[in-house]
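> Take this structure first; my questions come after.
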Amino acid sequence: MANWSNPLLTSTYTNFLTEVKDRDTDLALQFDGTTSSNIPTSAIRWNSSVNRWQKWNGSAWGELTSTYALTGLSTTGNASIGGTLGSGAITSTGSVTGTALIPSGSSAPTNGLYLAGTNTIGLATSSTGRVFIDAAGEMGIGTATPGTALDVVTPAGSA
């Protein structure tokens with residue numbers, strides 16, 4: 001195994017070439033996949049047979065420390081970010097598609113969709129509800145309680 005502290009400023013020309021070549025050889029063997037004699041401690045690899053990142057401890061590949069661990073993995077395919085699986089965790093039992101958006105929260109966000117009321121979706125900008133669609137499919141612009149298919153309410157004094 002090469003001395004990775006070499007070459008030094010004091011290395012002779014002939015030693016310099018040998019020292020650099022030894023480092024190149026060690027580096028090539030690290031990515032060989034058939035040897036474990038030249039892997040530096042704390043090297044990280046992806047193990048596709050177990051679908052995990054692993055870390056070399058000097059003698060064997062093992063799981064990464066808790067610094068890198070995904071602690072909310074389960075054998076059912078569910079995942080949680082920042083904790084254990086529980087209510088409100090991110091779960092998937094197949095492919096995740098974008099066919100449905102279910103907003104939560106009853107107060108207007110800074111910008112985005114929210115549940116403005118029972119069976120009413122609101123669209124907010126600047127933390128204020130602007131557009132609303134109720135359970136009957138009626139849309140209100142400037143009003144959360146539209147009375148017709150399209151109900152536009154403007155502020156007093158505007159055209």
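Ordering of the structure tokens sets the chain letters (A, B, ...), residue numbers begin anew at 1 in every chain, and ligands are numbered from 1 in the order given.
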Within 7 Å of Gly142 in chain A, counting only C-alpha atoms, which residues qualify if same-chain residues fewer than 5 places away don't, as a PyMOL selection string?

chain A and resi 130-131+152-154

> Selection from above, C-alpha atoms, as an mmCIF file, in the first residue's frame, can you write it?


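Result went into part.cif, see below:
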data_model
loop_
_atom_site.group_PDB
_atom_site.id
_atom_site.type_symbol
_atom_site.label_atom_id
_atom_site.label_comp_id
_atom_site.auth_asym_id
_atom_site.auth_seq_id
_atom_site.Cartn_x
_atom_site.Cartn_y
_atom_site.Cartn_z
ATOM 1 C CA ARG A 130 -58.153 35.620 -3.379
ATOM 2 C CA VAL A 131 -59.952 32.829 -5.257
ATOM 3 C CA VAL A 152 -66.525 38.498 -8.714
ATOM 4 C CA VAL A 153 -66.490 40.978 -5.848
ATOM 5 C CA THR A 154 -64.314 44.052 -6.204
#

> Counting only C-alpha atoms, what is within 7 Å of range 54-56 of chain A, bar same-chain residues fewer than 5 positions away, as a list in words?

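Answer for this query is Thr41, Ser42, Ala43, Ile44, Arg45, Trp46, Asn47, Trp61, Gly62, Glu63 and Leu64 of chain A.
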
> Hey, what's within 10 Å of range 103-113 of chain A if we count only C-alpha atoms and toss same-chain stuff fewer than 3 positions away? As a ChimeraX atom specification, please?

/A:100,116-118,120-132

> Rounded to one decimal, what separation in Å do you get between CA of Asn6 in chain A and CA of Ile39 in chain A?

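Computing it gives 17.3 Å between the two atoms.
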
> Give me the residues within 12 Å of Leu8 in chain A as a list of chain:residue names, counting only C-alpha atoms and dropping any in the same chain fewer than 4 places off.

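Result of the neighbour search: A:Asn3, A:Trp4, A:Thr12, A:Tyr13, A:Asn15, A:Phe16, A:Leu17, A:Glu19, A:Val20.
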
> With N, CA and C atoms retained, could you export that selection as a CSV table (one decimal), in the first residue's frame?


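Writing done, so here's out_19.csv:
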chain,number,residue,atom,x,y,z
A,3,ASN,N,2.2,5.1,0.5
A,3,ASN,CA,2.2,6.1,1.6
A,3,ASN,C,1.6,7.3,1.0
A,4,TRP,N,0.4,7.6,1.4
A,4,TRP,CA,-0.3,8.8,0.8
A,4,TRP,C,0.2,10.1,1.3
A,12,THR,N,13.4,12.4,-4.0
A,12,THR,CA,14.3,12.4,-5.1
A,12,THR,C,13.4,12.2,-6.4
A,13,TYR,N,14.0,12.5,-7.5
A,13,TYR,CA,13.2,12.4,-8.8
A,13,TYR,C,12.8,11.0,-9.0
A,15,ASN,N,12.5,8.5,-6.8
A,15,ASN,CA,11.5,8.2,-5.7
A,15,ASN,C,10.1,8.8,-6.0
A,16,PHE,N,10.1,10.0,-6.5
A,16,PHE,CA,8.9,10.8,-6.8
A,16,PHE,C,8.1,10.0,-7.8
A,17,LEU,N,8.7,9.5,-8.9
A,17,LEU,CA,7.9,8.8,-9.9
A,17,LEU,C,7.3,7.5,-9.3
A,19,GLU,N,6.6,6.9,-6.1
A,19,GLU,CA,5.6,7.2,-5.1
A,19,GLU,C,4.3,7.6,-5.7
A,20,VAL,N,4.4,8.4,-6.8
A,20,VAL,CA,3.2,8.8,-7.5
A,20,VAL,C,2.5,7.5,-8.2

> For CA of Ile102 in chain A and CA of Ile133 in chain A, determine how far apart the two atoms are, in Å to one decimal place.

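Computed distance, CA of Ile102 in chain A to CA of Ile133 in chain A, equals 13.9 Å.
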